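So this one's work.tsv, TSV, C-alpha atoms and all ligand atoms:
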```tsv
chain	number	residue	atom	x	y	z
A	1	MET	CA	-23.78	-0.28	10.88
A	2	THR	CA	-20.03	-0.73	10.59
A	3	VAL	CA	-18.73	-0.23	7.04
A	4	LYS	CA	-16.33	-2.95	5.94
A	5	ALA	CA	-13.40	-1.71	3.82
A	6	LEU	CA	-11.00	-4.24	2.36
A	7	PHE	CA	-7.44	-3.00	1.90
A	8	VAL	CA	-5.72	-4.46	-1.18
A	9	GLY	CA	-1.98	-3.95	-1.40
A	10	THR	CA	1.38	-5.27	-0.33
A	11	ASP	CA	2.61	-5.43	3.25
A	12	ASP	CA	4.52	-2.20	2.59
A	13	ASP	CA	1.37	-0.52	1.22
A	14	TRP	CA	-0.51	-1.55	4.35
A	15	ASP	CA	2.24	-0.20	6.62
A	16	THR	CA	2.32	3.05	4.64
A	17	PHE	CA	-1.36	3.79	4.26
A	18	ALA	CA	-3.36	1.92	6.92
A	19	PRO	CA	-2.36	4.07	9.94
A	20	SER	CA	-3.49	7.31	8.20
A	21	LEU	CA	-6.68	5.71	6.90
A	22	ILE	CA	-7.63	4.31	10.32
A	23	ALA	CA	-6.81	7.61	12.07
A	24	THR	CA	-8.76	9.63	9.50
A	25	PHE	CA	-11.86	7.41	9.75
A	26	ALA	CA	-11.74	7.82	13.56
A	27	ASP	CA	-11.22	11.62	13.38
A	28	ARG	CA	-14.17	11.95	11.06
A	29	ALA	CA	-16.35	9.61	13.14
A	30	LEU	CA	-16.73	7.24	10.18
A	31	ASP	CA	-17.46	3.76	11.50
A	32	VAL	CA	-15.16	1.91	9.08
A	33	ASP	CA	-13.48	-1.42	9.76
A	34	LEU	CA	-10.38	-1.43	7.52
A	35	SER	CA	-8.88	-4.89	7.16
A	36	ARG	CA	-6.98	-7.09	4.73
A	37	ASP	CA	-9.14	-10.11	5.66
A	38	HIS	CA	-12.82	-9.34	5.12
A	39	THR	CA	-14.95	-12.00	3.46
A	40	PRO	CA	-15.56	-10.73	-0.12
A	41	ALA	CA	-19.37	-10.92	0.14
A	42	ASP	CA	-19.27	-8.61	3.22
A	43	VAL	CA	-17.10	-5.88	1.70
A	44	ASP	CA	-18.66	-2.42	1.26
A	45	TYR	CA	-15.60	-0.70	-0.27
A	46	ILE	CA	-12.26	-1.83	-1.67
A	47	VAL	CA	-9.36	0.50	-0.91
A	48	MET	CA	-6.75	-0.47	-3.48
A	49	ALA	CA	-3.06	0.23	-3.68
A	50	GLY	CA	-1.48	-2.67	-5.61
A	51	SER	CA	-2.93	-4.30	-8.68
A	52	LYS	CA	-3.02	-7.93	-9.78
A	53	ILE	CA	-3.39	-9.04	-6.14
A	54	ILE	CA	-7.03	-9.80	-6.87
A	55	GLU	CA	-7.97	-10.65	-10.47
A	56	ASP	CA	-11.57	-11.80	-9.97
A	57	PHE	CA	-13.80	-9.23	-8.27
A	58	SER	CA	-17.06	-11.09	-8.86
A	59	PRO	CA	-17.30	-12.36	-5.24
A	60	PHE	CA	-17.55	-8.71	-4.02
A	61	THR	CA	-21.29	-8.68	-4.52
A	62	ARG	CA	-22.17	-5.76	-2.22
A	63	CYS	CA	-19.12	-3.55	-2.87
A	64	LYS	CA	-20.23	0.02	-3.59
A	65	ALA	CA	-16.93	1.34	-5.00
A	66	LEU	CA	-13.30	0.49	-5.63
A	67	LEU	CA	-11.29	3.40	-4.20
A	68	ARG	CA	-7.84	3.57	-5.78
A	69	LEU	CA	-4.87	5.05	-3.95
A	70	TRP	CA	-3.07	5.77	-7.25
A	71	ALA	CA	-3.95	8.20	-10.07
A	72	GLY	CA	-3.49	5.74	-12.93
A	73	VAL	CA	-6.01	2.96	-13.58
A	74	GLU	CA	-4.80	1.38	-16.83
A	75	ASP	CA	-4.03	-1.88	-14.99
A	76	ILE	CA	-7.60	-2.37	-13.73
A	77	VAL	CA	-9.94	-0.40	-15.96
A	78	ASN	CA	-10.46	-3.25	-18.41
A	79	ASN	CA	-11.07	-5.95	-15.81
A	80	PRO	CA	-14.63	-7.09	-16.66
A	81	THR	CA	-15.21	-8.42	-13.12
A	82	ILE	CA	-14.92	-4.89	-11.67
A	83	THR	CA	-18.53	-3.85	-12.03
A	84	MET	CA	-18.59	-1.31	-9.20
A	85	PRO	CA	-17.49	2.34	-9.83
A	86	ILE	CA	-13.72	2.88	-9.80
A	87	CYS	CA	-12.68	6.13	-8.10
A	88	ARG	CA	-9.08	7.16	-8.72
A	89	MET	CA	-6.81	9.31	-6.56
A	90	VAL	CA	-7.03	13.02	-7.25
A	91	GLY	CA	-5.20	15.22	-4.77
A	92	GLY	CA	-3.67	13.12	-2.04
A	93	GLY	CA	-0.39	15.02	-2.43
A	94	LEU	CA	-0.01	13.84	-6.05
A	95	ASP	CA	-0.58	17.30	-7.46
A	96	ALA	CA	1.93	19.03	-5.18
A	97	GLY	CA	4.59	16.37	-5.82
A	98	MET	CA	4.09	16.48	-9.58
A	99	VAL	CA	4.27	20.28	-9.64
A	100	GLU	CA	7.62	20.09	-7.84
A	101	TRP	CA	9.08	17.40	-10.15
A	102	VAL	CA	7.90	19.08	-13.36
A	103	THR	CA	8.97	22.55	-12.27
A	104	ALA	CA	12.40	21.29	-11.18
A	105	HIS	CA	13.08	19.50	-14.46
A	106	VAL	CA	11.71	22.33	-16.62
A	107	LEU	CA	13.96	24.78	-14.76
A	108	ARG	CA	16.95	22.45	-15.10
A	109	HIS	CA	16.72	22.61	-18.87
A	110	HIS	CA	15.57	26.23	-18.97
A	111	VAL	CA	18.53	27.65	-17.03
A	112	GLY	CA	20.98	25.14	-18.53
A	113	MET	CA	22.05	23.78	-15.16
A	114	ASP	CA	23.88	20.80	-16.69
A	115	ALA	CA	26.46	23.00	-18.41
A	116	HIS	CA	27.57	24.30	-15.02
A	117	ILE	CA	27.23	21.07	-13.06
A	118	HIS	CA	29.23	19.06	-15.62
A	119	GLY	CA	31.45	21.84	-16.98
A	120	GLN	CA	33.84	22.42	-14.06
A	121	ASP	CA	36.90	22.60	-16.29
A	122	GLY	CA	38.42	25.97	-15.38
A	123	ILE	CA	36.96	27.77	-18.41
A	124	TRP	CA	34.92	30.92	-17.66
A	125	ARG	CA	32.06	30.71	-20.18
A	126	ASN	CA	29.98	33.81	-19.56
A	127	THR	CA	29.12	34.89	-23.05
A	128	VAL	CA	25.64	33.37	-23.31
A	129	THR	CA	22.72	35.14	-21.68
A	130	PRO	CA	20.02	32.52	-21.19
A	131	PRO	CA	16.46	33.40	-22.21
A	132	LEU	CA	13.95	34.34	-19.57
A	133	ALA	CA	11.02	32.03	-18.87
A	134	SER	CA	8.80	34.39	-20.86
A	135	GLU	CA	10.86	33.45	-23.95
A	136	ARG	CA	10.66	29.65	-23.38
A	137	PRO	CA	7.33	28.17	-24.51
A	138	VAL	CA	6.30	25.02	-22.64
A	139	THR	CA	3.53	22.62	-23.67
A	140	ILE	CA	1.75	20.21	-21.37
A	141	LEU	CA	0.04	17.28	-23.09
A	142	GLY	CA	-2.85	16.34	-20.77
A	143	LEU	CA	-4.61	19.08	-18.87
A	144	GLY	CA	-6.23	17.05	-16.10
A	145	ALA	CA	-5.67	17.31	-12.37
A	146	LEU	CA	-1.87	17.11	-12.70
A	147	GLY	CA	-1.33	18.79	-16.08
A	148	ALA	CA	-3.42	21.80	-15.10
A	149	ALA	CA	-1.63	22.17	-11.75
A	150	CYS	CA	1.81	21.95	-13.40
A	151	GLY	CA	0.76	24.34	-16.17
A	152	GLN	CA	-0.43	26.92	-13.68
A	153	ALA	CA	2.77	26.65	-11.64
A	154	LEU	CA	4.82	27.25	-14.81
A	155	VAL	CA	2.61	30.20	-15.74
A	156	GLY	CA	3.38	31.56	-12.27
A	157	LEU	CA	7.10	31.41	-13.12
A	158	GLY	CA	6.51	33.36	-16.32
A	159	PHE	CA	6.58	30.58	-18.95
A	160	PRO	CA	4.13	30.85	-21.86
A	161	VAL	CA	2.21	27.59	-21.39
A	162	THR	CA	0.13	25.75	-23.96
A	163	GLY	CA	-1.94	22.77	-22.89
A	164	TRP	CA	-3.57	20.05	-24.96
A	165	SER	CA	-6.37	17.70	-23.97
A	166	ARG	CA	-9.08	15.52	-25.45
A	167	SER	CA	-11.85	17.98	-24.66
A	168	GLN	CA	-11.42	21.74	-24.93
A	169	LYS	CA	-10.45	23.39	-21.60
A	170	ASP	CA	-10.50	26.96	-20.33
A	171	ILE	CA	-7.75	27.44	-17.74
A	172	THR	CA	-6.57	30.89	-16.70
A	173	GLY	CA	-3.14	31.72	-18.09
A	174	ILE	CA	-2.85	28.59	-20.27
A	175	THR	CA	-3.46	28.53	-24.02
A	176	CYS	CA	-5.74	25.50	-24.17
A	177	LEU	CA	-5.90	23.45	-27.35
A	178	SER	CA	-7.53	20.21	-28.43
A	179	GLY	CA	-7.42	18.63	-31.87
A	180	ASP	CA	-4.18	18.33	-33.86
A	181	ILE	CA	-1.33	17.65	-31.43
A	182	LYS	CA	1.16	19.19	-33.84
A	183	ASP	CA	-0.40	22.62	-33.25
A	184	ALA	CA	0.23	22.11	-29.54
A	185	VAL	CA	3.91	21.12	-29.79
A	186	LYS	CA	5.16	23.14	-32.78
A	187	ASP	CA	6.54	26.03	-30.67
A	188	ALA	CA	7.26	24.09	-27.47
A	189	GLN	CA	10.90	24.16	-26.41
A	190	ILE	CA	9.88	21.89	-23.53
A	191	THR	CA	7.02	19.38	-23.73
A	192	VAL	CA	5.65	17.60	-20.65
A	193	LEU	CA	3.55	14.42	-20.95
A	194	LEU	CA	0.76	14.13	-18.38
A	195	MET	CA	-1.79	11.99	-20.15
A	196	PRO	CA	-3.12	8.67	-18.89
A	197	LEU	CA	-2.26	5.47	-20.76
A	198	THR	CA	-5.21	4.41	-22.91
A	199	PRO	CA	-5.48	2.77	-26.33
A	200	ASP	CA	-5.80	6.30	-27.78
A	201	THR	CA	-2.72	7.74	-26.08
A	202	LYS	CA	-0.27	4.88	-26.66
A	203	HIS	CA	2.65	6.10	-28.83
A	204	THR	CA	1.27	9.65	-28.96
A	205	ILE	CA	4.92	10.70	-29.11
A	206	ASN	CA	6.11	9.13	-32.35
A	207	ALA	CA	8.41	10.17	-35.20
A	208	ASP	CA	5.80	12.51	-36.71
A	209	VAL	CA	5.08	14.37	-33.50
A	210	LEU	CA	8.76	14.56	-32.53
A	211	ALA	CA	9.50	16.03	-35.96
A	212	ALA	CA	6.82	18.68	-35.39
A	213	MET	CA	8.61	19.98	-32.28
A	214	PRO	CA	11.23	22.73	-32.63
A	215	ASN	CA	14.74	21.41	-33.25
A	216	GLY	CA	16.57	20.86	-29.98
A	217	ALA	CA	13.41	20.54	-27.86
A	218	PHE	CA	13.32	18.93	-24.41
A	219	LEU	CA	10.85	16.22	-23.44
A	220	LEU	CA	9.69	15.28	-19.92
A	221	ASN	CA	7.61	12.15	-19.36
A	222	PRO	CA	6.16	11.73	-15.90
A	223	GLY	CA	2.93	10.35	-17.48
A	224	ARG	CA	3.32	6.76	-18.65
A	225	GLY	CA	6.12	5.06	-20.60
A	226	PRO	CA	4.08	3.76	-23.56
A	227	LEU	CA	2.97	7.32	-24.40
A	228	ILE	CA	6.35	7.41	-26.19
A	229	LYS	CA	7.41	5.14	-29.04
A	230	ASP	CA	10.89	4.47	-27.69
A	231	GLU	CA	12.66	3.73	-30.96
A	232	ASP	CA	11.37	7.01	-32.42
A	233	LEU	CA	12.58	8.98	-29.41
A	234	LEU	CA	16.00	7.33	-29.56
A	235	ALA	CA	16.23	8.26	-33.26
A	236	ALA	CA	15.24	11.87	-32.51
A	237	LEU	CA	17.86	12.06	-29.75
A	238	GLU	CA	20.45	10.75	-32.22
A	239	THR	CA	19.78	13.57	-34.71
A	240	GLY	CA	19.53	16.22	-31.97
A	241	GLN	CA	15.89	16.95	-32.90
A	242	ILE	CA	15.31	16.23	-29.22
A	243	ALA	CA	18.14	17.65	-27.12
A	244	HIS	CA	17.29	15.75	-23.95
A	245	ALA	CA	14.55	13.55	-22.53
A	246	THR	CA	13.88	13.28	-18.81
A	247	LEU	CA	11.85	10.11	-18.30
A	248	ASP	CA	10.16	8.95	-15.11
A	249	THR	CA	7.93	6.25	-16.59
A	250	PHE	CA	8.71	3.39	-18.96
A	251	GLU	CA	7.10	0.69	-21.07
A	252	VAL	CA	8.66	-1.90	-18.70
A	253	GLU	CA	9.26	-0.98	-15.04
A	254	PRO	CA	11.72	-1.30	-13.43
A	255	LEU	CA	13.58	-0.14	-16.56
A	256	PRO	CA	15.76	-3.14	-17.55
A	257	ALA	CA	19.46	-2.63	-16.73
A	258	ASP	CA	20.47	-3.03	-20.40
A	259	HIS	CA	17.93	-0.52	-21.77
A	260	PRO	CA	19.61	2.13	-23.96
A	261	TYR	CA	18.00	4.93	-21.92
A	262	TRP	CA	20.20	4.19	-18.88
A	263	ALA	CA	23.53	4.99	-20.54
A	264	HIS	CA	22.28	7.59	-23.01
A	265	PRO	CA	24.01	10.95	-22.46
A	266	GLN	CA	20.88	12.87	-23.52
A	267	VAL	CA	18.49	10.93	-21.30
A	268	THR	CA	17.84	11.31	-17.59
A	269	VAL	CA	16.08	8.39	-15.96
A	270	THR	CA	14.14	8.87	-12.73
A	271	PRO	CA	12.61	5.69	-11.28
A	272	HIS	CA	8.86	6.48	-11.34
A	273	ILE	CA	9.23	8.86	-8.41
A	274	ALA	CA	7.81	12.03	-9.97
A	275	SER	CA	4.94	12.00	-7.52
A	276	ALA	CA	3.73	9.55	-4.90
A	277	THR	CA	0.40	9.37	-3.10
A	278	ARG	CA	0.89	10.78	0.43
A	279	PRO	CA	-0.89	8.84	3.18
A	280	ALA	CA	-2.48	11.69	5.16
A	281	PRO	CA	-4.08	13.72	2.34
A	282	ALA	CA	-4.95	10.51	0.46
A	283	ALA	CA	-6.81	9.19	3.51
A	284	GLN	CA	-8.99	12.32	3.41
A	285	VAL	CA	-9.88	11.62	-0.25
A	286	ILE	CA	-10.79	8.00	0.57
A	287	ALA	CA	-12.80	9.11	3.62
A	288	ASP	CA	-14.61	11.74	1.53
A	289	ASN	CA	-15.75	9.07	-0.91
A	290	ILE	CA	-16.84	6.61	1.80
A	291	ALA	CA	-18.77	9.41	3.52
A	292	ARG	CA	-20.42	10.29	0.21
A	293	GLY	CA	-21.25	6.67	-0.54
A	294	GLU	CA	-22.82	6.21	2.87
A	295	ALA	CA	-24.83	9.43	2.46
A	296	GLY	CA	-26.10	8.30	-0.95
A	297	GLN	CA	-24.19	11.08	-2.75
A	298	PRO	CA	-22.33	10.59	-6.04
A	299	PHE	CA	-18.70	9.51	-5.71
A	300	LEU	CA	-15.83	11.85	-6.60
A	301	HIS	CA	-13.17	11.12	-9.25
A	302	VAL	CA	-15.07	8.31	-10.95
A	303	VAL	CA	-13.23	6.71	-13.86
A	304	ASP	CA	-14.89	6.80	-17.27
A	305	ARG	CA	-14.56	3.14	-18.38
A	306	THR	CA	-15.22	3.99	-22.02
A	307	ALA	CA	-12.49	6.62	-22.14
A	308	GLY	CA	-10.21	4.37	-20.03
A	309	TYR	CA	-9.21	6.99	-17.43
B	1	LIG	P1	-6.55	13.22	-15.50
B	1	LIG	O1	-7.43	12.10	-15.89
B	1	LIG	O2	-7.05	14.23	-14.53
B	1	LIG	O3	-6.06	14.01	-16.79
B	1	LIG	C1	-5.72	13.39	-17.98
B	1	LIG	C2	-5.61	14.42	-19.09
B	1	LIG	O4	-5.20	13.77	-20.30
B	1	LIG	C3	-6.94	15.10	-19.38
B	1	LIG	O5	-6.74	16.47	-19.68
B	1	LIG	C4	-7.42	14.35	-20.62
B	1	LIG	O6	-8.28	15.09	-21.46
B	1	LIG	C5	-6.11	14.11	-21.32
B	1	LIG	N1	-6.26	13.03	-22.29
B	1	LIG	C6	-6.70	11.76	-22.10
B	1	LIG	N2	-6.76	11.10	-23.26
B	1	LIG	C7	-6.36	11.97	-24.22
B	1	LIG	C8	-6.24	11.89	-25.62
B	1	LIG	N3	-6.53	10.75	-26.29
B	1	LIG	N4	-5.83	12.98	-26.29
B	1	LIG	C9	-5.55	14.13	-25.63
B	1	LIG	N5	-5.65	14.28	-24.30
B	1	LIG	C10	-6.05	13.21	-23.60
B	1	LIG	O7	-5.20	12.57	-14.95
B	1	LIG	P2	-4.14	13.17	-13.91
B	1	LIG	O8	-3.81	14.55	-14.35
B	1	LIG	O9	-4.59	12.95	-12.53
B	1	LIG	O10	-2.91	12.19	-14.15
B	1	LIG	C11	-2.33	12.07	-15.44
B	1	LIG	C12	-1.43	10.86	-15.47
B	1	LIG	O11	-0.22	11.10	-14.73
B	1	LIG	C13	-1.99	9.59	-14.79
B	1	LIG	O12	-2.91	8.93	-15.63
B	1	LIG	C14	-0.74	8.79	-14.58
B	1	LIG	O13	-0.50	8.03	-15.74
B	1	LIG	C15	0.36	9.85	-14.43
B	1	LIG	N6	0.92	9.89	-13.07
B	1	LIG	C16	2.26	9.67	-12.91
B	1	LIG	C17	2.83	9.73	-11.66
B	1	LIG	C18	4.31	9.53	-11.50
B	1	LIG	O14	4.82	9.48	-10.38
B	1	LIG	N7	5.08	9.45	-12.58
B	1	LIG	C19	2.04	10.00	-10.46
B	1	LIG	C20	0.65	10.25	-10.73
B	1	LIG	C21	0.12	10.19	-11.99
B	1	LIG	P3	-9.73	15.59	-20.93
B	1	LIG	O15	-9.41	16.69	-19.94
B	1	LIG	O16	-10.38	16.09	-22.13
B	1	LIG	O17	-10.37	14.40	-20.27
```

Show me the file's structure as structure tokens.
Amino acid sequence: MTVKALFVGTDDDWDTFAPSLIATFADRALDVDLSRDHTPADVDYIVMAGSKIIEDFSPFTRCKALLRLWAGVEDIVNNPTITMPICRMVGGGLDAGMVEWVTAHVLRHHVGMDAHIHGQDGIWRNTVTPPLASERPVTILGLGALGAACGQALVGLGFPVTGWSRSQKDITGITCLSGDIKDAVKDAQITVLLMPLTPDTKHTINADVLAAMPNGAFLLNPGRGPLIKDEDLLAALETGQIAHATLDTFEVEPLPADHPYWAHPQVTVTPHIASATRPAPAAQVIADNIARGEAGQPFLHVVDRTAGY
């Protein structure tokens, strides 16, 4: 019997993702009718890009799973009308994109690129030998799909990498910690935030934790804006405790034009572009889960509602 999959997203989301999804279902001989117009009571799966387009999911009485095209779920995980499993995007090009963004911004600060890009003043400053990667400890807060991939890429470049997560991990090449966050950041010249936004992670980066970092540390936040308490970061930038923050995610997005981050000389703003879901590999992840659901197998990448991610 034909499986009915409801696509939830904007017109742009449909134009971006529907062609790959439809082609992938056909290639894999999955009999899936992907549409934006199915009657809720007939829907077998929801394939979801945007949020807040549907608020009440109770009419989806036979829906087996909500298959998210994004990695983050903080906008839907507490919706009590979503009673079916939520499967988030893992893979789908997100890992490769995030590795590139994190590596690029770590290397920017590590090799001191800014001094050369902005210092074209005719003065030949060649007295400082920059440290090698092996002398530049990096910490990744959040060692999930993205944090682990970024950590391993940085290990491959020679950085000593420490990772921190809720549960204890064992990842080759990475010093894995859980417990007191201050132990994880105390030696980190560069800290990267790759945790989800949950009630437990909000304001993880506050005055106490910033003070525990080495003086002059760099901070990268491609995770979620509210992981950082903004006023505490701005204060730490003022004193130089944090030398520079490269921020991709913000409490309010788009970042308001009058926000102090925009004009701050020690802040780089990127507009939530660290990593995007790519249609072709993401379609394979969605197809995998529909195939599993139809075969009666457990879904992949199921969100833990209690943990919130
Ligand atoms: P995962 O769920 O795979 O990993 C999350 C990690 O954070 C896990 O290691 C988890 O610990 C850890 N964590 C969660 N809560 C806590 C806590 N209270 N204390 C310590 N560690 C905690 O997520 P992904 O790696 O796939 O993605 C991470 C985040 O990146 C997403 O939630 C999203 O917010 C962001 N993102 C940003 C993008 C962008 O373009 N800027 C693109 C894609 C994602 P444990 O392993 O023990 O569960």

* Asked: Leaving out range 157-172 of chain A and any residue of its chain fewer than 4 positions from it, which residues lie within 6 Å of it when counting all atoms listed in the file, given as a PyMOL selection string?
  -> chain A and resi 133-134+137-143+176-178

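Distance annotation: of A:Ala282, A:Ala153, A:Ile76, A:Leu146, the residue with the minimal separation from ligand LIG 1 (chain B) is A:Leu146; atom set is all atoms listed in the file.
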
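Relative to CA of Trp70 in chain A, CA of Gly50 in chain A is found at 8.7 Å.
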
* To do: Anything within 7 Å of (-14.9, 1.8, 8.1): list those residues as a list in words, counting only C-alpha atoms and sticking to the file's coordinates.
  => Thr2, Val3, Lys4, Ala5, Phe25, Leu30, Asp31, Val32, Asp33 and Leu34 of chain A

Where does chain A meet ligand LIG 1 (chain B) within 6 Å, residue by residue, with the nearest atom pair and distance in Å to one decimal for each, counting only C-alpha atoms and all ligand atoms, listed by chain and rising number, as a tab-separated table?
```
residue	atom	partner	partner_atom	distance
A:Ala71	CA	B:LIG1	C21	4.9
A:Gly72	CA	B:LIG1	O12	4.2
A:Val90	CA	B:LIG1	O9	5.8
A:Leu94	CA	B:LIG1	C20	5.9
A:Gly142	CA	B:LIG1	O4	3.5
A:Leu143	CA	B:LIG1	O5	3.5
A:Gly144	CA	B:LIG1	O3	3.1
A:Ala145	CA	B:LIG1	O8	3.9
A:Leu146	CA	B:LIG1	O8	3.6
A:Gly147	CA	B:LIG1	O8	5.2
A:Ser165	CA	B:LIG1	N5	3.5
A:Arg166	CA	B:LIG1	O16	3.6
A:Ser167	CA	B:LIG1	O16	3.5
A:Leu194	CA	B:LIG1	C11	4.7
A:Met195	CA	B:LIG1	O4	3.8
A:Pro196	CA	B:LIG1	O12	3.3
A:Leu197	CA	B:LIG1	O13	5.9
A:Asp200	CA	B:LIG1	N3	4.7
A:Thr201	CA	B:LIG1	N3	4.9
A:Pro222	CA	B:LIG1	N7	4.2
A:Gly223	CA	B:LIG1	C15	4.0
A:Arg224	CA	B:LIG1	O13	5.0
A:Asp248	CA	B:LIG1	N7	5.7
A:Thr249	CA	B:LIG1	N7	5.9
A:His272	CA	B:LIG1	N7	5.0
A:Ile273	CA	B:LIG1	O14	4.9
A:Ala274	CA	B:LIG1	O14	4.0
A:Ser275	CA	B:LIG1	O14	3.8
A:Ala276	CA	B:LIG1	O14	5.6
A:Tyr309	CA	B:LIG1	O1	5.6
```

* Considering all atoms listed in the file, return as a VMD selection string whatever protein or nucleic-acid residues lie within 10 Å of Ile53 in chain A, sequence-local ones (same chain, fewer than 3 positions apart) excluded. => chain A and resid 8 to 10 48 to 50 56

* Skip Lys229 in chain A itself and residues of its chain fewer than 2 positions away, then list as a ChimeraX atom specification all residues within 12 Å of it, counting all atoms listed in the file. => /A:201-210,221,224-227,231-236,250-251

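Of note, CA of Thr129 in chain A and CA of Ala115 in chain A are spaced 13.1 Å apart.
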
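Here CA of Asp304 in chain A is placed at a distance of 19.2 Å from CA of Ile290 in chain A.
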
Could you name the residues that touch Val267 in chain A at 7 Å or less, counting all atoms listed in the file, but leaving out those on the same chain fewer than 2 positions away, as a CSV table (one decimal) with C-alpha atoms, in the frame of the given file?
```csv
chain,number,residue,atom,x,y,z
A,244,HIS,CA,17.3,15.8,-24.0
A,245,ALA,CA,14.6,13.6,-22.5
A,246,THR,CA,13.9,13.3,-18.8
A,261,TYR,CA,18.0,4.9,-21.9
A,264,HIS,CA,22.3,7.6,-23.0
A,265,PRO,CA,24.0,11.0,-22.5
A,269,VAL,CA,16.1,8.4,-16.0
```

* Residues near Asp44 in chain A, cut-off 12 Å, all atoms listed in the file, skip fewer than 2 positions along chain, as a PyMOL selection string -> chain A and resi 1-7+32-35+38-42+46-47+59-67+84+290+293-294

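Closest to Ala243 in chain A among A:Thr270, A:Thr191, A:Thr198, A:Thr16 is A:Thr191, based on only C-alpha atoms.
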
* Structure fact -> From the list A:Gly112, A:Pro281, A:Pro131, A:Pro298, the nearest residue to Ser20 in chain A using only C-alpha atoms is A:Pro281

* Could you tell me which of A:Glu100, A:Asp288, A:Glu55, A:Asp187 comes closest to Ile82 in chain A if we count only C-alpha atoms? => A:Glu55

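Proximity of A:Ala257, A:Met98, A:Met113, A:Ile54 to Arg278 in chain A, computed with all atoms listed in the file, is greatest for A:Met98.
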
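Comparing A:Ile181, A:Gly93, A:Ile117, A:Val111 by their smallest distance to Leu132 in chain A, the closest is A:Val111 (using only C-alpha atoms).
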